[in-house]
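Asks: Pasting data23.csv below, which is CSV, C-alpha atoms.
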```csv
chain,number,residue,atom,x,y,z
A,9,MET,CA,67.4,-38.8,-15.1
A,10,LEU,CA,64.6,-41.1,-14.4
A,11,LYS,CA,64.9,-43.7,-11.6
A,12,ARG,CA,65.1,-47.3,-12.8
A,13,GLN,CA,62.4,-48.2,-10.3
A,14,THR,CA,59.9,-45.8,-11.9
A,15,ILE,CA,60.3,-47.3,-15.4
A,16,ASP,CA,60.1,-50.8,-14.0
A,17,ASN,CA,56.8,-49.8,-12.4
A,18,SER,CA,55.5,-48.3,-15.6
A,19,LEU,CA,56.4,-51.1,-17.8
A,20,ARG,CA,55.2,-53.8,-15.4
A,21,ALA,CA,51.9,-52.0,-15.0
A,22,LEU,CA,51.4,-51.9,-18.8
A,23,ALA,CA,52.5,-55.5,-19.4
A,24,GLU,CA,49.2,-56.9,-18.2
A,25,PRO,CA,46.4,-57.1,-20.8
A,26,THR,CA,43.5,-56.2,-18.4
A,27,ARG,CA,45.4,-53.1,-17.3
A,28,ARG,CA,45.9,-52.0,-20.9
A,29,ALA,CA,42.2,-52.6,-21.5
A,30,ILE,CA,41.4,-50.3,-18.5
A,31,ILE,CA,43.7,-47.6,-20.1
A,32,GLU,CA,41.9,-48.0,-23.4
A,33,ARG,CA,38.5,-47.6,-21.7
A,34,LEU,CA,39.7,-44.6,-19.7
A,35,SER,CA,41.1,-42.9,-22.7
A,36,GLN,CA,37.4,-42.5,-23.8
A,37,GLY,CA,36.7,-40.5,-20.6
A,38,PRO,CA,36.5,-40.8,-16.8
A,39,THR,CA,34.3,-43.4,-15.3
A,40,SER,CA,33.2,-44.9,-12.0
A,41,VAL,CA,35.0,-48.0,-10.8
A,42,SER,CA,31.8,-50.1,-10.9
A,43,ASP,CA,31.1,-49.0,-14.6
A,44,LEU,CA,34.7,-49.7,-15.4
A,45,ALA,CA,34.6,-53.2,-13.9
A,46,ARG,CA,31.3,-54.3,-15.6
A,47,PRO,CA,32.7,-55.5,-19.0
A,48,PHE,CA,35.5,-57.5,-17.2
A,49,ASN,CA,34.9,-61.1,-16.2
A,50,MET,CA,36.5,-60.6,-12.8
A,51,THR,CA,35.6,-59.5,-9.3
A,52,LEU,CA,35.4,-55.8,-8.4
A,53,ALA,CA,38.3,-56.4,-5.9
A,54,ALA,CA,40.5,-57.7,-8.8
A,55,VAL,CA,39.7,-54.6,-10.9
A,56,VAL,CA,40.5,-52.4,-8.0
A,57,GLN,CA,43.8,-54.1,-7.6
A,58,HIS,CA,44.7,-53.5,-11.2
A,59,LEU,CA,43.7,-49.8,-10.8
A,60,GLN,CA,46.0,-49.5,-7.8
A,61,VAL,CA,48.9,-50.8,-9.9
A,62,LEU,CA,48.1,-48.2,-12.6
A,63,GLU,CA,47.7,-45.5,-10.0
A,64,GLU,CA,51.1,-46.3,-8.4
A,65,ALA,CA,52.7,-46.1,-11.9
A,66,GLY,CA,51.1,-42.7,-12.6
A,67,PHE,CA,48.7,-43.8,-15.4
A,68,VAL,CA,45.5,-43.4,-13.5
A,69,ARG,CA,44.1,-41.3,-10.7
A,70,SER,CA,40.9,-41.7,-8.8
A,71,GLU,CA,38.9,-39.6,-6.5
A,72,LYS,CA,35.9,-40.5,-4.3
A,73,VAL,CA,32.9,-38.2,-4.1
A,74,GLY,CA,30.3,-39.6,-1.7
A,75,ARG,CA,30.0,-43.3,-2.4
A,76,VAL,CA,31.3,-43.2,-6.0
A,77,ARG,CA,35.0,-43.5,-6.9
A,78,THR,CA,35.8,-42.0,-10.3
A,79,CYS,CA,38.9,-42.9,-12.3
A,80,ARG,CA,40.6,-41.0,-15.1
A,81,LEU,CA,43.8,-41.2,-17.0
A,82,GLU,CA,46.8,-39.3,-15.6
A,83,ALA,CA,49.5,-37.8,-17.9
A,84,GLY,CA,52.4,-38.5,-15.5
A,85,GLY,CA,53.0,-42.2,-16.3
A,86,PHE,CA,52.8,-41.6,-20.1
A,87,ASP,CA,55.3,-38.6,-19.8
A,88,GLN,CA,57.8,-40.8,-17.8
A,89,LEU,CA,57.6,-43.6,-20.3
A,90,ALA,CA,57.9,-41.2,-23.3
A,91,ALA,CA,61.1,-39.7,-21.6
A,92,TRP,CA,62.6,-43.2,-21.2
A,93,ILE,CA,61.9,-43.9,-24.9
A,94,ASN,CA,63.4,-40.5,-25.9
A,95,ASP,CA,66.6,-41.2,-23.8
A,96,ARG,CA,67.1,-44.5,-25.6
A,97,ARG,CA,66.5,-42.9,-29.0
A,98,SER,CA,68.9,-40.1,-28.4
A,99,LEU,CA,71.6,-42.6,-27.3
A,100,MET,CA,71.1,-44.4,-30.6
A,101,GLU,CA,71.2,-41.2,-32.6
A,102,ARG,CA,74.3,-40.0,-30.8
A,103,ARG,CA,76.1,-43.2,-31.8
A,104,PHE,CA,74.9,-42.7,-35.5
A,105,ASP,CA,76.3,-39.1,-35.4
A,106,ARG,CA,79.7,-40.4,-34.1
A,107,LEU,CA,79.8,-43.0,-36.8
A,108,ALA,CA,79.0,-40.3,-39.4
A,109,ASP,CA,81.8,-38.1,-38.1
A,110,LEU,CA,84.2,-41.0,-38.3
A,111,LEU,CA,83.2,-41.7,-41.9
A,112,ALA,CA,83.6,-38.0,-42.8
A,113,GLU,CA,87.2,-37.8,-41.4
A,114,PRO,CA,90.0,-38.2,-43.9
A,115,GLU,CA,91.8,-41.5,-43.6
A,116,PRO,CA,94.8,-40.6,-41.4
A,117,ASN,CA,97.4,-42.9,-43.1
A,118,LYS,CA,96.6,-42.3,-46.8
A,119,GLU,CA,98.5,-39.0,-47.2
A,120,THR,CA,101.7,-40.3,-45.9
A,121,LYS,CA,101.8,-43.3,-48.1
A,122,PRO,CA,103.7,-43.0,-51.4
B,4,MET,CA,46.4,-47.0,-36.4
B,5,LEU,CA,48.6,-49.5,-34.6
B,6,LYS,CA,47.6,-53.1,-34.3
B,7,ARG,CA,46.8,-54.1,-30.7
B,8,GLN,CA,49.0,-57.2,-31.2
B,9,THR,CA,52.1,-55.0,-31.9
B,10,ILE,CA,51.7,-53.0,-28.7
B,11,ASP,CA,51.1,-56.2,-26.7
B,12,ASN,CA,54.4,-57.5,-28.1
B,13,SER,CA,56.3,-54.3,-27.3
B,14,LEU,CA,55.0,-54.0,-23.7
B,15,ARG,CA,55.4,-57.7,-23.0
B,16,ALA,CA,59.0,-57.6,-24.3
B,17,LEU,CA,59.9,-54.6,-22.1
B,18,ALA,CA,58.2,-56.0,-19.0
B,19,GLU,CA,61.0,-58.4,-18.3
B,20,PRO,CA,63.9,-56.9,-16.2
B,21,THR,CA,66.6,-58.9,-18.1
B,22,ARG,CA,65.3,-57.7,-21.4
B,23,ARG,CA,65.4,-54.1,-20.2
B,24,ALA,CA,69.0,-54.6,-19.0
B,25,ILE,CA,69.8,-55.9,-22.5
B,26,ILE,CA,68.4,-52.7,-23.9
B,27,GLU,CA,70.4,-50.6,-21.5
B,28,ARG,CA,73.6,-52.4,-22.5
B,29,LEU,CA,72.8,-52.0,-26.2
B,30,SER,CA,72.1,-48.3,-25.9
B,31,GLN,CA,75.8,-48.0,-25.2
B,32,GLY,CA,76.6,-49.6,-28.6
B,33,PRO,CA,76.4,-52.8,-30.6
B,34,THR,CA,77.9,-55.9,-29.2
B,35,SER,CA,78.3,-59.6,-29.9
B,36,VAL,CA,75.8,-62.0,-28.3
B,37,SER,CA,78.5,-63.7,-26.2
B,38,ASP,CA,79.8,-60.3,-24.8
B,39,LEU,CA,76.2,-59.3,-24.1
B,40,ALA,CA,75.5,-62.5,-22.2
B,41,ARG,CA,78.7,-62.4,-20.0
B,42,PRO,CA,77.4,-60.2,-17.2
B,43,PHE,CA,74.1,-62.1,-16.9
B,44,ASN,CA,73.9,-65.1,-14.6
B,45,MET,CA,72.1,-67.3,-17.2
B,46,THR,CA,72.9,-69.6,-20.1
B,47,LEU,CA,73.7,-68.2,-23.5
B,48,ALA,CA,70.5,-70.0,-24.8
B,49,ALA,CA,68.4,-68.0,-22.2
B,50,VAL,CA,70.0,-64.7,-23.4
B,51,VAL,CA,69.4,-65.7,-27.0
B,52,GLN,CA,65.7,-66.3,-26.2
B,53,HIS,CA,65.4,-62.9,-24.6
B,54,LEU,CA,67.0,-61.4,-27.7
B,55,GLN,CA,64.5,-63.1,-30.0
B,56,VAL,CA,61.6,-61.6,-28.0
B,57,LEU,CA,63.2,-58.1,-28.4
B,58,GLU,CA,63.9,-58.7,-32.1
B,59,GLU,CA,60.2,-59.8,-32.7
B,60,ALA,CA,59.0,-56.6,-30.9
B,61,GLY,CA,61.4,-54.5,-33.1
B,62,PHE,CA,63.7,-53.2,-30.3
B,63,VAL,CA,66.8,-55.1,-31.4
B,64,ARG,CA,68.2,-56.4,-34.6
B,65,SER,CA,71.1,-58.8,-35.0
B,66,GLU,CA,73.3,-59.9,-37.9
B,67,LYS,CA,75.8,-62.8,-38.2
B,68,VAL,CA,79.1,-62.2,-39.8
B,69,GLY,CA,81.2,-65.3,-39.9
B,70,ARG,CA,80.8,-67.0,-36.5
B,71,VAL,CA,79.9,-63.8,-34.6
B,72,ARG,CA,76.3,-62.5,-34.2
B,73,THR,CA,76.2,-58.8,-33.4
B,74,CYS,CA,73.1,-57.1,-31.9
B,75,ARG,CA,72.2,-53.5,-31.9
B,76,LEU,CA,69.1,-51.4,-30.9
B,77,GLU,CA,66.5,-50.9,-33.6
B,78,ALA,CA,64.3,-47.7,-33.7
B,79,GLY,CA,61.1,-49.4,-34.8
B,80,GLY,CA,59.9,-50.8,-31.5
B,81,PHE,CA,60.6,-47.5,-29.7
B,82,ASP,CA,58.8,-45.6,-32.5
B,83,GLN,CA,55.7,-47.8,-32.2
B,84,LEU,CA,55.6,-47.5,-28.4
B,85,ALA,CA,56.0,-43.7,-28.7
B,86,ALA,CA,53.1,-43.6,-31.2
B,87,TRP,CA,50.9,-45.6,-28.7
B,88,ILE,CA,51.7,-43.1,-25.9
B,89,ASN,CA,51.0,-40.1,-28.2
B,90,ASP,CA,47.6,-41.6,-29.2
B,91,ARG,CA,46.7,-41.9,-25.5
B,92,ARG,CA,47.9,-38.4,-24.7
B,93,SER,CA,46.0,-36.8,-27.6
B,94,LEU,CA,42.8,-38.6,-26.5
B,95,MET,CA,43.3,-37.1,-23.0
B,96,GLU,CA,44.0,-33.6,-24.5
B,97,ARG,CA,41.0,-33.8,-26.8
B,98,ARG,CA,38.8,-34.5,-23.8
B,99,PHE,CA,40.3,-31.5,-21.9
B,100,ASP,CA,39.6,-29.3,-24.9
B,101,ARG,CA,35.9,-30.4,-25.1
B,102,LEU,CA,35.6,-29.7,-21.3
B,103,ALA,CA,37.1,-26.2,-21.8
B,104,ASP,CA,34.6,-25.6,-24.7
B,105,LEU,CA,31.8,-26.7,-22.5
B,106,LEU,CA,32.9,-24.4,-19.6
B,107,ALA,CA,33.3,-21.5,-22.1
B,108,GLU,CA,29.7,-21.9,-23.4
B,109,PRO,CA,27.0,-19.6,-21.8
B,110,GLU,CA,24.7,-21.6,-19.6
B,111,PRO,CA,21.7,-22.4,-21.8
B,112,ASN,CA,18.9,-22.0,-19.3
B,113,LYS,CA,20.0,-18.9,-17.4
B,114,GLU,CA,18.8,-16.3,-20.0
B,115,THR,CA,15.2,-17.7,-20.1
B,116,LYS,CA,14.8,-17.7,-16.3
B,117,PRO,CA,13.2,-14.6,-14.8
```
Starting from the coordinates I provided, produce the structure as structure tokens.

Replies:
Amino acid sequence: MLKRQTIDNSLRALAEPTRRAIIERLSQGPTSVSDLARPFNMTLAAVVQHLQVLEEAGFVRSEKVGRVRTCRLEAGGFDQLAAWINDRRSLMERRFDRLADLLAEPEPNKETKP
Amino acid sequence: MLKRQTIDNSLRALAEPTRRAIIERLSQGPTSVSDLARPFNMTLAAVVQHLQVLEEAGFVRSEKVGRVRTCRLEAGGFDQLAAWINDRRSLMERRFDRLADLLAEPEPNKETKP
């Protein structure tokens, strides 16, 4: 079972348009933080802060080689979110199955009536 | 391809803790709006507003019979979000495949060197 906290982090991370734009960019391939920041109309520090939120939620990882920090997408955050969605879906389906079973049962009182 | 707008709506809808609590409650089964609102420390109008956001994003649908409005989870929103996640995952995997191909190729300059 996933911790509520984790899903809260994932969904809060993805709820911000700039962070989603960062994910779209990184799904084309890894890039340095400065290249990543260029198209955004904000300071490098602001972009780094968004990256930290995405890193904490498991959507991005970064590594520094020399003076260059390179970011790439990370599967973990997507896997967690997919698991949350699947849990909700299977709860829905289980309820539909129970409803179908109920509808398939013979009506209990009908036989005894004249 | 999913419209950006739709994913924005889905993620914004899920980013709010009360709306996620509503989804958790509804994954146990359909319920009337007034029963749904009871455990929340907010006005019925505020809960209805959250429900509208969830309805617009395709996570909930409601129907009114007589004086009672009943809400239930809807698969559509979850399906759209799952599709968005899968798109991101397959972009990641495609890049890994390309990288693997590249690593499997013989180094082009090695043969020609003495």

Asks: Just need chain B moved onto chain A: least-squares over all Cα atoms matched in order, then output as a PDB file with C-alpha atoms, in the frame of the given file.

Replies:
```pdb
ATOM      1  CA  MET B   4      67.429 -38.661 -15.158  1.00  0.00           C
ATOM      2  CA  LEU B   5      64.630 -41.107 -14.442  1.00  0.00           C
ATOM      3  CA  LYS B   6      64.904 -43.606 -11.662  1.00  0.00           C
ATOM      4  CA  ARG B   7      65.135 -47.198 -12.943  1.00  0.00           C
ATOM      5  CA  GLN B   8      62.456 -48.159 -10.374  1.00  0.00           C
ATOM      6  CA  THR B   9      59.909 -45.742 -11.991  1.00  0.00           C
ATOM      7  CA  ILE B  10      60.351 -47.216 -15.460  1.00  0.00           C
ATOM      8  CA  ASP B  11      60.137 -50.761 -14.050  1.00  0.00           C
ATOM      9  CA  ASN B  12      56.810 -49.760 -12.478  1.00  0.00           C
ATOM     10  CA  SER B  13      55.472 -48.192 -15.678  1.00  0.00           C
ATOM     11  CA  LEU B  14      56.435 -51.134 -17.950  1.00  0.00           C
ATOM     12  CA  ARG B  15      55.281 -53.740 -15.456  1.00  0.00           C
ATOM     13  CA  ALA B  16      51.913 -51.956 -15.087  1.00  0.00           C
ATOM     14  CA  LEU B  17      51.373 -51.810 -18.873  1.00  0.00           C
ATOM     15  CA  ALA B  18      52.460 -55.407 -19.455  1.00  0.00           C
ATOM     16  CA  GLU B  19      49.204 -56.805 -18.216  1.00  0.00           C
ATOM     17  CA  PRO B  20      46.439 -57.056 -20.929  1.00  0.00           C
ATOM     18  CA  THR B  21      43.618 -56.175 -18.446  1.00  0.00           C
ATOM     19  CA  ARG B  22      45.446 -53.110 -17.312  1.00  0.00           C
ATOM     20  CA  ARG B  23      45.901 -51.977 -20.906  1.00  0.00           C
ATOM     21  CA  ALA B  24      42.168 -52.527 -21.552  1.00  0.00           C
ATOM     22  CA  ILE B  25      41.497 -50.336 -18.498  1.00  0.00           C
ATOM     23  CA  ILE B  26      43.605 -47.653 -20.084  1.00  0.00           C
ATOM     24  CA  GLU B  27      41.801 -47.971 -23.373  1.00  0.00           C
ATOM     25  CA  ARG B  28      38.438 -47.595 -21.632  1.00  0.00           C
ATOM     26  CA  LEU B  29      39.668 -44.575 -19.667  1.00  0.00           C
ATOM     27  CA  SER B  30      41.014 -42.822 -22.731  1.00  0.00           C
ATOM     28  CA  GLN B  31      37.384 -42.496 -23.724  1.00  0.00           C
ATOM     29  CA  GLY B  32      36.646 -40.556 -20.491  1.00  0.00           C
ATOM     30  CA  PRO B  33      36.445 -40.843 -16.728  1.00  0.00           C
ATOM     31  CA  THR B  34      34.258 -43.449 -15.231  1.00  0.00           C
ATOM     32  CA  SER B  35      33.245 -44.942 -11.901  1.00  0.00           C
ATOM     33  CA  VAL B  36      35.078 -48.074 -10.718  1.00  0.00           C
ATOM     34  CA  SER B  37      31.909 -50.203 -10.863  1.00  0.00           C
ATOM     35  CA  ASP B  38      31.134 -49.113 -14.527  1.00  0.00           C
ATOM     36  CA  LEU B  39      34.768 -49.787 -15.415  1.00  0.00           C
ATOM     37  CA  ALA B  40      34.662 -53.272 -13.936  1.00  0.00           C
ATOM     38  CA  ARG B  41      31.332 -54.350 -15.621  1.00  0.00           C
ATOM     39  CA  PRO B  42      32.731 -55.563 -18.929  1.00  0.00           C
ATOM     40  CA  PHE B  43      35.570 -57.527 -17.294  1.00  0.00           C
ATOM     41  CA  ASN B  44      34.972 -61.119 -16.260  1.00  0.00           C
ATOM     42  CA  MET B  45      36.581 -60.661 -12.790  1.00  0.00           C
ATOM     43  CA  THR B  46      35.662 -59.522  -9.298  1.00  0.00           C
ATOM     44  CA  LEU B  47      35.485 -55.859  -8.455  1.00  0.00           C
ATOM     45  CA  ALA B  48      38.406 -56.474  -5.953  1.00  0.00           C
ATOM     46  CA  ALA B  49      40.570 -57.797  -8.909  1.00  0.00           C
ATOM     47  CA  VAL B  50      39.745 -54.638 -10.967  1.00  0.00           C
ATOM     48  CA  VAL B  51      40.508 -52.464  -7.965  1.00  0.00           C
ATOM     49  CA  GLN B  52      43.930 -54.156  -7.629  1.00  0.00           C
ATOM     50  CA  HIS B  53      44.698 -53.533 -11.266  1.00  0.00           C
ATOM     51  CA  LEU B  54      43.728 -49.898 -10.755  1.00  0.00           C
ATOM     52  CA  GLN B  55      46.085 -49.525  -7.799  1.00  0.00           C
ATOM     53  CA  VAL B  56      48.998 -50.812  -9.925  1.00  0.00           C
ATOM     54  CA  LEU B  57      48.129 -48.175 -12.620  1.00  0.00           C
ATOM     55  CA  GLU B  58      47.706 -45.442  -9.995  1.00  0.00           C
ATOM     56  CA  GLU B  59      51.177 -46.307  -8.424  1.00  0.00           C
ATOM     57  CA  ALA B  60      52.766 -46.131 -11.940  1.00  0.00           C
ATOM     58  CA  GLY B  61      51.036 -42.713 -12.517  1.00  0.00           C
ATOM     59  CA  PHE B  62      48.749 -43.752 -15.435  1.00  0.00           C
ATOM     60  CA  VAL B  63      45.476 -43.373 -13.546  1.00  0.00           C
ATOM     61  CA  ARG B  64      44.187 -41.305 -10.725  1.00  0.00           C
ATOM     62  CA  SER B  65      40.945 -41.808  -8.838  1.00  0.00           C
ATOM     63  CA  GLU B  66      38.882 -39.710  -6.428  1.00  0.00           C
ATOM     64  CA  LYS B  67      35.927 -40.658  -4.166  1.00  0.00           C
ATOM     65  CA  VAL B  68      32.976 -38.406  -3.988  1.00  0.00           C
ATOM     66  CA  GLY B  69      30.354 -39.704  -1.649  1.00  0.00           C
ATOM     67  CA  ARG B  70      30.084 -43.463  -2.289  1.00  0.00           C
ATOM     68  CA  VAL B  71      31.370 -43.308  -5.892  1.00  0.00           C
ATOM     69  CA  ARG B  72      35.091 -43.571  -6.840  1.00  0.00           C
ATOM     70  CA  THR B  73      35.800 -42.101 -10.257  1.00  0.00           C
ATOM     71  CA  CYS B  74      38.996 -42.913 -12.226  1.00  0.00           C
ATOM     72  CA  ARG B  75      40.549 -41.018 -15.012  1.00  0.00           C
ATOM     73  CA  LEU B  76      43.870 -41.202 -17.001  1.00  0.00           C
ATOM     74  CA  GLU B  77      46.777 -39.267 -15.550  1.00  0.00           C
ATOM     75  CA  ALA B  78      49.535 -37.771 -17.840  1.00  0.00           C
ATOM     76  CA  GLY B  79      52.455 -38.488 -15.538  1.00  0.00           C
ATOM     77  CA  GLY B  80      53.033 -42.148 -16.285  1.00  0.00           C
ATOM     78  CA  PHE B  81      52.784 -41.549 -20.053  1.00  0.00           C
ATOM     79  CA  ASP B  82      55.181 -38.576 -19.731  1.00  0.00           C
ATOM     80  CA  GLN B  83      57.769 -40.675 -17.875  1.00  0.00           C
ATOM     81  CA  LEU B  84      57.539 -43.545 -20.375  1.00  0.00           C
ATOM     82  CA  ALA B  85      57.889 -41.046 -23.260  1.00  0.00           C
ATOM     83  CA  ALA B  86      60.994 -39.557 -21.583  1.00  0.00           C
ATOM     84  CA  TRP B  87      62.517 -43.117 -21.283  1.00  0.00           C
ATOM     85  CA  ILE B  88      61.921 -43.755 -25.020  1.00  0.00           C
ATOM     86  CA  ASN B  89      63.398 -40.336 -25.973  1.00  0.00           C
ATOM     87  CA  ASP B  90      66.541 -41.055 -23.871  1.00  0.00           C
ATOM     88  CA  ARG B  91      66.991 -44.344 -25.761  1.00  0.00           C
ATOM     89  CA  ARG B  92      66.392 -42.739 -29.137  1.00  0.00           C
ATOM     90  CA  SER B  93      68.841 -39.878 -28.506  1.00  0.00           C
ATOM     91  CA  LEU B  94      71.520 -42.402 -27.439  1.00  0.00           C
ATOM     92  CA  MET B  95      70.959 -44.228 -30.770  1.00  0.00           C
ATOM     93  CA  GLU B  96      71.081 -40.889 -32.726  1.00  0.00           C
ATOM     94  CA  ARG B  97      74.207 -39.751 -30.920  1.00  0.00           C
ATOM     95  CA  ARG B  98      75.923 -42.963 -31.955  1.00  0.00           C
ATOM     96  CA  PHE B  99      74.827 -42.462 -35.617  1.00  0.00           C
ATOM     97  CA  ASP B 100      76.225 -38.946 -35.514  1.00  0.00           C
ATOM     98  CA  ARG B 101      79.655 -40.130 -34.181  1.00  0.00           C
ATOM     99  CA  LEU B 102      79.696 -42.809 -36.982  1.00  0.00           C
ATOM    100  CA  ALA B 103      78.935 -40.111 -39.608  1.00  0.00           C
ATOM    101  CA  ASP B 104      81.783 -37.940 -38.127  1.00  0.00           C
ATOM    102  CA  LEU B 105      84.091 -40.860 -38.310  1.00  0.00           C
ATOM    103  CA  LEU B 106      83.154 -41.634 -41.975  1.00  0.00           C
ATOM    104  CA  ALA B 107      83.558 -37.902 -42.829  1.00  0.00           C
ATOM    105  CA  GLU B 108      87.132 -37.790 -41.406  1.00  0.00           C
ATOM    106  CA  PRO B 109      90.039 -38.260 -43.949  1.00  0.00           C
ATOM    107  CA  GLU B 110      91.691 -41.601 -43.461  1.00  0.00           C
ATOM    108  CA  PRO B 111      94.694 -40.887 -41.237  1.00  0.00           C
ATOM    109  CA  ASN B 112      97.253 -43.184 -42.794  1.00  0.00           C
ATOM    110  CA  LYS B 113      96.566 -42.703 -46.500  1.00  0.00           C
ATOM    111  CA  GLU B 114      98.488 -39.372 -46.909  1.00  0.00           C
ATOM    112  CA  THR B 115     101.754 -40.788 -45.406  1.00  0.00           C
ATOM    113  CA  LYS B 116     101.761 -43.888 -47.640  1.00  0.00           C
ATOM    114  CA  PRO B 117     103.753 -43.608 -50.861  1.00  0.00           C
TER     115      PRO B 117
END
```

Asks: Would you mind listing, as a JSON list (two decimals) with C-alpha atoms, in the frame of the given file, all residues of chain A that have at least one atom within 8 Å of chain B, where all atoms listed in the file are what counts?

Replies:
```
[["chain", "number", "residue", "atom", "x", "y", "z"],
["A", 16, "ASP", "CA", 60.10, -50.80, -14.00],
["A", 19, "LEU", "CA", 56.40, -51.10, -17.80],
["A", 20, "ARG", "CA", 55.20, -53.80, -15.40],
["A", 22, "LEU", "CA", 51.40, -51.90, -18.80],
["A", 23, "ALA", "CA", 52.50, -55.50, -19.40],
["A", 24, "GLU", "CA", 49.20, -56.90, -18.20],
["A", 25, "PRO", "CA", 46.40, -57.10, -20.80],
["A", 35, "SER", "CA", 41.10, -42.90, -22.70],
["A", 36, "GLN", "CA", 37.40, -42.50, -23.80],
["A", 37, "GLY", "CA", 36.70, -40.50, -20.60],
["A", 81, "LEU", "CA", 43.80, -41.20, -17.00],
["A", 83, "ALA", "CA", 49.50, -37.80, -17.90],
["A", 86, "PHE", "CA", 52.80, -41.60, -20.10],
["A", 90, "ALA", "CA", 57.90, -41.20, -23.30],
["A", 93, "ILE", "CA", 61.90, -43.90, -24.90],
["A", 96, "ARG", "CA", 67.10, -44.50, -25.60],
["A", 97, "ARG", "CA", 66.50, -42.90, -29.00],
["A", 99, "LEU", "CA", 71.60, -42.60, -27.30],
["A", 100, "MET", "CA", 71.10, -44.40, -30.60],
["A", 103, "ARG", "CA", 76.10, -43.20, -31.80]]
```

Asks: Work out how far apart atom CA of Val68 of chain A and atom CA of Val41 of chain A are and give it in Å to one decimal.

Replies: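 Computing it gives 11.8 Å between the two atoms.
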
Asks: Go ahead and compute the interatomic distance for atom CA of Thr78 of chain A and atom CA of Ala65 of chain A, in Å to one decimal.

Replies: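 Value for the atom CA of Thr78 of chain A-atom CA of Ala65 of chain A distance: 17.5 Å.
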
Asks: Can you work out the spacing between atom CA of Ser65 of chain B and atom CA of Gln88 of chain A in Å, to one decimal?

Replies: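 Rounded to one decimal, the two atoms are 28.2 Å apart.
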
Asks: Using all atoms listed in the file, find the one residue out of B:Glu58, B:Lys67, B:Thr21, B:Ala103 that sits nearest to Gly79 of chain B.

Replies: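 Selected residue with least distance to Gly79 of chain B: B:Glu58.
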
Asks: The centre and edge lengths of an axis-aligned box containing all atoms of segment 33-49 of chain A present in the file, extended by 6 Å on each side, are to be given in Å to one decimal, as JSON.

Replies:
```
{"center_x": 36.1, "center_y": -50.8, "center_z": -17.3, "size_x": 22.0, "size_y": 32.6, "size_z": 25.0}
```
